[in-house]
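Contents: one structure, followed by commentary.
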2 protein chains.
Amino acid sequence: MKKKILVAVMATALTGVTCFAQTSTGVIEDFKPSSLNQPGQEFPQVNSQGYARFKIFAPSADSVKVSLGLGGRGGTRLAKANDGFWIGTTEGPMDEGFHYYNVNIDGGKFNDPGAMNFYGSVRWESGIEIPAHDQDFYALKNVPHGNVAQVLFPSAITNTLRRAFVYTPPGYNSNSKNRYPVLYLQHGWGEDETAWSNQGHANLIMDNLIAEGKIKPFIIVMTYGMTNEVKWGKMREFKIDTFQTVLTEELIPYIDAHFNTIANQSNRAMAGLSMGGMETHTITLNKPEVFAYYALLSGGIYTPEEIKDKSKVKLIFISCGSKERPDGVKNAVTTLQGAGINAVSYVSENTAHEFLTWRRSLYQLAPLLFK
Amino acid sequence: MKKKILVAVMATALTGVTCFAQTSTGVIEDFKPSSLNQPGQEFPQVNSQGYARFKIFAPSADSVKVSLGLGGRGGTRLAKANDGFWIGTTEGPMDEGFHYYNVNIDGGKFNDPGAMNFYGSVRWESGIEIPAHDQDFYALKNVPHGNVAQVLFPSAITNTLRRAFVYTPPGYNSNSKNRYPVLYLQHGWGEDETAWSNQGHANLIMDNLIAEGKIKPFIIVMTYGMTNEVKWGKMREFKIDTFQTVLTEELIPYIDAHFNTIANQSNRAMAGLSMGGMETHTITLNKPEVFAYYALLSGGIYTPEEIKDKSKVKLIFISCGSKERPDGVKNAVTTLQGAGINAVSYVSENTAHEFLTWRRSLYQLAPLLFK
């Protein structure tokens, strides 16, 4: 291991890259391109400790900053190198998993030309992946893969055509006699219906679970969860009524008519992350006849008093990252269990309000559904 | 009409936007956000004459340019306004349809934070849409819509999982007894398998044609057409062998096994734009037993001598924009017809080597396939 590192440092020195202050503070020089880079792009890079390094070409800029870095310190300021590039490394290791970020060039907010973009914060943001020690469960493997289909469905209440993505498991198309339960899976605020497959890898998590025989295959439907624009911090202004109608009276019938679903309450689940959890909470309570499995991922809790008919609820799953409020999640589940409800909690270790928490939550949730 | 424009100009003046030199040279101030903007973004804008206007926030930048503009003049240089924004309008009207572009901030190449991104030039580029007079044929309408499914298929020859997008027509899922012909449709150099549905609107073109009863439904399969990296201008280094194997020995059998296709030569077409046309030309000639319909969109021609067995070729379709080499296309088709081959030419009026040429070409091609 030590020898490898020496070679890496030498190669770095030979190609003339600036020496970083951090090298003297223990940063291991084994940086590799992030797995979410655009084709052929060498930067951004990540190392085995979770540091991220950025390199941006902007020869005449006066200031280049990256929004990622240690909390509260305003991200990472890049330093000008003598070839027109700006280079910098995060002050410390990042949490494992996926992070959104953007690049500030002379006061304007842009994306990193090296990274792929992911919809978050109501904009297409740059994305970077810090390899997680457990990344195998969402890795792209040589196993049978399901499809993710873009579906355009008519919505009378919003007078628009709306988009959903539908994950169908391996074997779905070649055996049309099989019918499948359905999980309706919602994104967070500022994200959209692309989030769960792009940054969440929901399809790969399912493909891997199915290949290992850990779950019975089911369909996942992901659609856009907002029908009125609401800013973060003003979530009380969010009105659920229209989206509830879109979901339960427009999308579900469309899916049941166009896909091989088992179209009943006991084969239907709803889950959501963050704002999507809030939506899941409200809609499942409003419509107990529609869903039998409820899951909140970093998106609040249920109390026993809220459940009108316990016999209709097959499972309540509540999760969050250990850097969020794990005690709140655990206590809520204990209380639900005490009231005779089948409730399960999950806490993702060493993660915050980010997508690794939610990837892991889906991985934990899926085997509990449709038993 | 005049009154509307006056109101628009007044509103512009009231909100304090810089006056443009172009207003005195006949630019109509009816600018609206481009249809390809990110949600809620007001800029870039386009007007009814085809001018594009850009507005970028970069308060401390020294220079902001947009790569779009009149040919050969290096794009559009934006002028600094006093609120931290840079603003500018193209010197003249742009061709109708879709254009890739990027923004140069102090010498670095970035994307416009207002626009959505599309993969072209081997990077995710900003996209803008100049409304075309005939845009109705690819408009999103309240008609039954097919799906576009992301498929991950194993490729032994490249030792990777490769991605394809599969358009299935309306009714595909709800009536699994129907079987459909298949068009294999290739992107151009620097693009990828997302191009035909994102910037090409191939799915909407099909949905509209089917809704109007102008074509019999068929499936379209779009996959990545490169297996070795080749720079533009060095296309002679491109080796078709591996991609030909991926397409004909790996993807086609996968599609035939997983979708309801009519799996024979006379129900299989191949088409491609630009580099994808070059690939179509080579592969159809190498594999006459695989495809019966051939189409080159701004991607070269066939000569009668190249066709070994005319009885196997049901159609040759060759197209380009009127700003490309329409005479070459027309002459080639006349020569093919003279040799007894069913050949059709199409020239897209007032377009160049861009996506409106190819959207229109698909619209012309689709009704001729699988007769």
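Convention: chains lettered A, B, ... in structure tokens order; per-chain residue numbering from 1; ligands numbered from 1 as shown.
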
- Query: Hey, what's within 9 Å of Leu140 of chain A if we count only C-alpha atoms and toss same-chain stuff fewer than 4 positions away? As a list in words, please?
  - Reply: Asp136, Leu204, Ile205, Asp207 and Asn208 of chain A; Leu161 of chain B

Residues from the last selection, N, CA and C atoms, saved as a compact mmCIF listing (two decimals), in the first residue's frame:
# COMPACT_ATOMS: atom_id res chain seq x y z
N ASP A 136 -21.36 -1.82 -2.90
CA ASP A 136 -21.68 -3.01 -3.69
C ASP A 136 -23.18 -3.18 -3.92
N LEU A 204 -30.78 -0.20 -9.81
CA LEU A 204 -29.67 -1.12 -9.56
C LEU A 204 -29.83 -1.80 -8.20
N ILE A 205 -30.32 -1.06 -7.22
CA ILE A 205 -30.59 -1.66 -5.90
C ILE A 205 -31.57 -2.82 -6.06
N ASP A 207 -32.31 -4.51 -8.94
CA ASP A 207 -31.71 -5.58 -9.75
C ASP A 207 -30.81 -6.48 -8.89
N ASN A 208 -30.01 -5.86 -8.03
CA ASN A 208 -29.09 -6.63 -7.20
C ASN A 208 -29.85 -7.46 -6.15
N LEU B 161 -21.74 -3.64 -19.47
CA LEU B 161 -23.17 -3.51 -19.63
C LEU B 161 -23.39 -2.24 -20.43

- Item | Expected answer as a ChimeraX atom specification: chain A residues within 6 Å of chain B, only C-alpha atoms | /A:57-61,106-108,147-151,173-174,258

- Query: Of the candidates A:Glu29, A:Glu324, A:Glu42, A:Glu289, which one gets nearest to Asp309 of chain A if we count only C-alpha atoms?
  - Reply: A:Glu289

Among segment 139-220 of chain A, which ones does DSSP assign to helix (DSSP H, G or I) (computed from the backbone)? Answer as a compact mmCIF listing (two decimals) with N, CA, C and O atoms, in the first residue's frame.
# COMPACT_ATOMS: atom_id res chain seq x y z
N ALA A 195 -34.77 11.73 -9.82
CA ALA A 195 -33.81 11.59 -8.71
C ALA A 195 -33.58 10.14 -8.29
O ALA A 195 -32.44 9.70 -8.11
N TRP A 196 -34.64 9.39 -8.11
CA TRP A 196 -34.48 8.05 -7.55
C TRP A 196 -33.72 7.10 -8.47
O TRP A 196 -33.00 6.22 -8.00
N SER A 197 -33.85 7.27 -9.79
CA SER A 197 -33.03 6.39 -10.64
C SER A 197 -31.67 6.99 -10.92
O SER A 197 -30.68 6.26 -10.94
N ASN A 198 -31.55 8.31 -11.11
CA ASN A 198 -30.23 8.91 -11.40
C ASN A 198 -29.32 8.90 -10.18
O ASN A 198 -28.29 8.23 -10.17
N ALA A 202 -32.09 3.45 -7.73
CA ALA A 202 -33.15 2.55 -7.27
C ALA A 202 -33.23 1.29 -8.14
O ALA A 202 -33.44 0.19 -7.63
N ASN A 203 -33.04 1.47 -9.45
CA ASN A 203 -33.11 0.31 -10.35
C ASN A 203 -32.00 -0.69 -10.07
O ASN A 203 -32.23 -1.91 -10.06
N LEU A 204 -30.78 -0.20 -9.81
CA LEU A 204 -29.67 -1.12 -9.56
C LEU A 204 -29.83 -1.80 -8.20
O LEU A 204 -29.50 -2.99 -8.06
N ILE A 205 -30.32 -1.06 -7.22
CA ILE A 205 -30.59 -1.66 -5.90
C ILE A 205 -31.57 -2.82 -6.06
O ILE A 205 -31.37 -3.91 -5.51
N MET A 206 -32.62 -2.60 -6.84
CA MET A 206 -33.62 -3.65 -7.08
C MET A 206 -33.02 -4.82 -7.84
O MET A 206 -33.22 -5.98 -7.48
N ASP A 207 -32.31 -4.51 -8.94
CA ASP A 207 -31.71 -5.58 -9.75
C ASP A 207 -30.81 -6.48 -8.89
O ASP A 207 -30.85 -7.71 -9.02
N ASN A 208 -30.01 -5.86 -8.03
CA ASN A 208 -29.09 -6.63 -7.20
C ASN A 208 -29.85 -7.46 -6.15
O ASN A 208 -29.52 -8.63 -5.92
N LEU A 209 -30.84 -6.87 -5.52
CA LEU A 209 -31.65 -7.61 -4.53
C LEU A 209 -32.34 -8.80 -5.19
O LEU A 209 -32.41 -9.90 -4.62
N ILE A 210 -32.86 -8.58 -6.38
CA ILE A 210 -33.57 -9.67 -7.09
C ILE A 210 -32.59 -10.76 -7.49
O ILE A 210 -32.85 -11.95 -7.31
N ALA A 211 -31.40 -10.34 -8.00
CA ALA A 211 -30.39 -11.33 -8.43
C ALA A 211 -29.95 -12.20 -7.26
O ALA A 211 -29.63 -13.38 -7.43

- Task: For Ile130 of chain B, list every protein, DNA or RNA residue within 7 Å, evaluated using only C-alpha atoms, and leave out those in the same chain fewer than 4 positions away; present the list as a PyMOL selection string.
- Result: chain B and resi 46+50+96-98

- Message: List as a PyMOL selection string the protein and nucleic acid residues near Lys216 of chain A, meaning an atom at most 9 Å away when only C-alpha atoms are counted, but skip any in the same chain fewer than 3 places from it.
- Response: chain A and resi 209-210+213+366-367+369-371

Expected file: the selected residues, N, CA and C atoms, as a short mmCIF file (atom, residue, chain, number, x, y, z; two decimals), in the first residue's frame:
data_model
loop_
_atom_site.label_atom_id
_atom_site.label_comp_id
_atom_site.auth_asym_id
_atom_site.auth_seq_id
_atom_site.Cartn_x
_atom_site.Cartn_y
_atom_site.Cartn_z
N LEU A 209 -30.84 -6.87 -5.52
CA LEU A 209 -31.65 -7.61 -4.53
C LEU A 209 -32.34 -8.80 -5.19
N ILE A 210 -32.86 -8.58 -6.38
CA ILE A 210 -33.57 -9.67 -7.09
C ILE A 210 -32.59 -10.76 -7.49
N GLY A 213 -31.82 -13.02 -4.83
CA GLY A 213 -32.97 -13.73 -4.29
C GLY A 213 -33.47 -13.18 -2.97
N ALA A 366 -36.98 -2.65 0.86
CA ALA A 366 -37.51 -3.52 -0.20
C ALA A 366 -37.83 -4.94 0.27
N PRO A 367 -36.95 -5.58 1.06
CA PRO A 367 -37.27 -6.97 1.47
C PRO A 367 -38.46 -7.06 2.43
N LEU A 369 -41.30 -5.38 1.99
CA LEU A 369 -42.54 -5.05 1.28
C LEU A 369 -43.22 -6.28 0.70
N PHE A 370 -44.54 -6.23 0.64
CA PHE A 370 -45.35 -7.21 -0.09
C PHE A 370 -45.11 -8.64 0.37
N LYS A 371 -44.99 -8.81 1.68
CA LYS A 371 -44.79 -10.15 2.25
C LYS A 371 -46.10 -10.93 2.20
#

- Please, which residues of segment 191-243 of chain A, numbered as in this document, come out strand (DSSP E or B) from DSSP, as a PyMOL selection string? chain A and resi 219-223

Can I get the selected residues back with all heavy atoms, as a PDB file, in the first residue's frame?
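File produced: out-v4.pdb:
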ATOM      1  N   ILE A 219     -42.690  -3.564  -8.995  1.00  0.00           N
ATOM      2  CA  ILE A 219     -42.559  -2.381  -9.850  1.00  0.00           C
ATOM      3  C   ILE A 219     -42.365  -1.164  -8.953  1.00  0.00           C
ATOM      4  O   ILE A 219     -42.919  -1.095  -7.859  1.00  0.00           O
ATOM      5  CB  ILE A 219     -43.830  -2.235 -10.723  1.00  0.00           C
ATOM      6  CG1 ILE A 219     -43.882  -3.356 -11.775  1.00  0.00           C
ATOM      7  CG2 ILE A 219     -43.922  -0.854 -11.378  1.00  0.00           C
ATOM      8  CD1 ILE A 219     -45.212  -3.449 -12.521  1.00  0.00           C
ATOM      9  N   ILE A 220     -41.576  -0.186  -9.404  1.00  0.00           N
ATOM     10  CA  ILE A 220     -41.460   1.098  -8.706  1.00  0.00           C
ATOM     11  C   ILE A 220     -41.898   2.207  -9.658  1.00  0.00           C
ATOM     12  O   ILE A 220     -41.465   2.233 -10.820  1.00  0.00           O
ATOM     13  CB  ILE A 220     -40.027   1.375  -8.220  1.00  0.00           C
ATOM     14  CG1 ILE A 220     -39.545   0.276  -7.269  1.00  0.00           C
ATOM     15  CG2 ILE A 220     -39.949   2.731  -7.517  1.00  0.00           C
ATOM     16  CD1 ILE A 220     -38.128   0.495  -6.741  1.00  0.00           C
ATOM     17  N   VAL A 221     -42.743   3.102  -9.177  1.00  0.00           N
ATOM     18  CA  VAL A 221     -43.198   4.250  -9.965  1.00  0.00           C
ATOM     19  C   VAL A 221     -42.733   5.531  -9.287  1.00  0.00           C
ATOM     20  O   VAL A 221     -42.950   5.715  -8.088  1.00  0.00           O
ATOM     21  CB  VAL A 221     -44.732   4.250 -10.102  1.00  0.00           C
ATOM     22  CG1 VAL A 221     -45.199   5.482 -10.887  1.00  0.00           C
ATOM     23  CG2 VAL A 221     -45.208   2.971 -10.778  1.00  0.00           C
ATOM     24  N   MET A 222     -42.069   6.380 -10.062  1.00  0.00           N
ATOM     25  CA  MET A 222     -41.521   7.629  -9.538  1.00  0.00           C
ATOM     26  C   MET A 222     -42.055   8.792 -10.355  1.00  0.00           C
ATOM     27  O   MET A 222     -41.854   8.833 -11.563  1.00  0.00           O
ATOM     28  CB  MET A 222     -39.986   7.574  -9.645  1.00  0.00           C
ATOM     29  CG  MET A 222     -39.380   6.400  -8.877  1.00  0.00           C
ATOM     30  SD  MET A 222     -37.746   5.820  -9.480  1.00  0.00           S
ATOM     31  CE  MET A 222     -38.220   4.712 -10.826  1.00  0.00           C
ATOM     32  N   THR A 223     -42.738   9.716  -9.729  1.00  0.00           N
ATOM     33  CA  THR A 223     -43.258  10.866 -10.480  1.00  0.00           C
ATOM     34  C   THR A 223     -42.950  12.161  -9.750  1.00  0.00           C
ATOM     35  O   THR A 223     -42.492  12.160  -8.595  1.00  0.00           O
ATOM     36  CB  THR A 223     -44.775  10.737 -10.738  1.00  0.00           C
ATOM     37  OG1 THR A 223     -45.150  11.649 -11.787  1.00  0.00           O
ATOM     38  CG2 THR A 223     -45.596  11.050  -9.490  1.00  0.00           C
TER      39      THR A 223
END

- Item | Residues near Leu365 of chain B, cut-off 12 Å, only C-alpha atoms, skip fewer than 2 positions along chain, as a PyMOL selection string | chain B and resi 183+185+202+205-206+209+214-215+269-272+293-297+315-319+343-347+358-363+367-371

I need the chosen residues saved as a PDB file, in the first residue's frame, with C-alpha atoms.
ATOM      1  CA  LEU B 183     -36.084   0.691 -36.225  1.00  0.00           C
ATOM      2  CA  LEU B 185     -31.751   4.607 -34.829  1.00  0.00           C
ATOM      3  CA  ALA B 202     -38.323  10.821 -31.600  1.00  0.00           C
ATOM      4  CA  ILE B 205     -42.828  12.424 -33.436  1.00  0.00           C
ATOM      5  CA  MET B 206     -43.946   8.802 -33.294  1.00  0.00           C
ATOM      6  CA  LEU B 209     -47.845  10.184 -36.304  1.00  0.00           C
ATOM      7  CA  LYS B 214     -50.239   8.152 -40.503  1.00  0.00           C
ATOM      8  CA  ILE B 215     -48.104   5.166 -39.570  1.00  0.00           C
ATOM      9  CA  ALA B 269     -34.721  -0.959 -40.256  1.00  0.00           C
ATOM     10  CA  MET B 270     -31.534   0.934 -39.501  1.00  0.00           C
ATOM     11  CA  ALA B 271     -31.106   4.691 -39.670  1.00  0.00           C
ATOM     12  CA  GLY B 272     -28.585   7.166 -38.362  1.00  0.00           C
ATOM     13  CA  TYR B 293     -34.812  -0.551 -44.676  1.00  0.00           C
ATOM     14  CA  TYR B 294     -31.794   1.793 -44.703  1.00  0.00           C
ATOM     15  CA  ALA B 295     -31.782   5.519 -43.924  1.00  0.00           C
ATOM     16  CA  LEU B 296     -28.936   8.041 -43.922  1.00  0.00           C
ATOM     17  CA  LEU B 297     -29.730  11.425 -42.317  1.00  0.00           C
ATOM     18  CA  LEU B 315     -36.132   1.119 -49.039  1.00  0.00           C
ATOM     19  CA  ILE B 316     -33.191   3.487 -49.081  1.00  0.00           C
ATOM     20  CA  PHE B 317     -33.970   6.902 -47.584  1.00  0.00           C
ATOM     21  CA  ILE B 318     -31.378   9.672 -47.846  1.00  0.00           C
ATOM     22  CA  SER B 319     -31.842  13.150 -46.417  1.00  0.00           C
ATOM     23  CA  ALA B 343     -35.039   5.117 -52.956  1.00  0.00           C
ATOM     24  CA  VAL B 344     -36.462   8.333 -51.507  1.00  0.00           C
ATOM     25  CA  SER B 345     -34.749  11.655 -50.872  1.00  0.00           C
ATOM     26  CA  TYR B 346     -35.763  14.392 -48.494  1.00  0.00           C
ATOM     27  CA  VAL B 347     -34.313  17.872 -48.055  1.00  0.00           C
ATOM     28  CA  TRP B 358     -33.149  15.037 -38.368  1.00  0.00           C
ATOM     29  CA  ARG B 359     -36.512  15.435 -36.603  1.00  0.00           C
ATOM     30  CA  ARG B 360     -38.039  16.270 -39.983  1.00  0.00           C
ATOM     31  CA  SER B 361     -36.207  13.387 -41.609  1.00  0.00           C
ATOM     32  CA  LEU B 362     -37.626  10.919 -39.070  1.00  0.00           C
ATOM     33  CA  TYR B 363     -41.097  12.385 -39.651  1.00  0.00           C
ATOM     34  CA  PRO B 367     -44.482   6.472 -42.865  1.00  0.00           C
ATOM     35  CA  LEU B 368     -42.272   4.773 -45.485  1.00  0.00           C
ATOM     36  CA  LEU B 369     -41.105   1.994 -43.160  1.00  0.00           C
ATOM     37  CA  PHE B 370     -42.507  -1.523 -42.809  1.00  0.00           C
ATOM     38  CA  LYS B 371     -45.047  -1.232 -45.640  1.00  0.00           C
TER      39      LYS B 371
END

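Between atom CA of Arg179 of chain A and atom CA of Glu250 of chain A there is a distance of 20.3 Å.
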
- One decimal, Å: what's the distance from atom CA of Thr194 of chain B over to atom CA of Phe355 of chain A, could you say?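 Computing it gives 24.2 Å between the two atoms.
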
- For Lys323 of chain B: contacts at 7 Å, only C-alpha atoms, fewer than 2 positions along chain excluded, given as a list of chain:residue names: B:Gly321, B:Arg325, B:Asn350, B:Thr351, B:Ala352

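One finds atom CA of Leu251 of chain B at 22.5 Å from atom CA of Lys314 of chain B.
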
- Nearest candidate to Met275 of chain A (options A:Gly188, A:Pro304, A:Pro131, A:Gly69; using only C-alpha atoms):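 Answer, going by the shortest atom-to-atom distance: A:Gly188.
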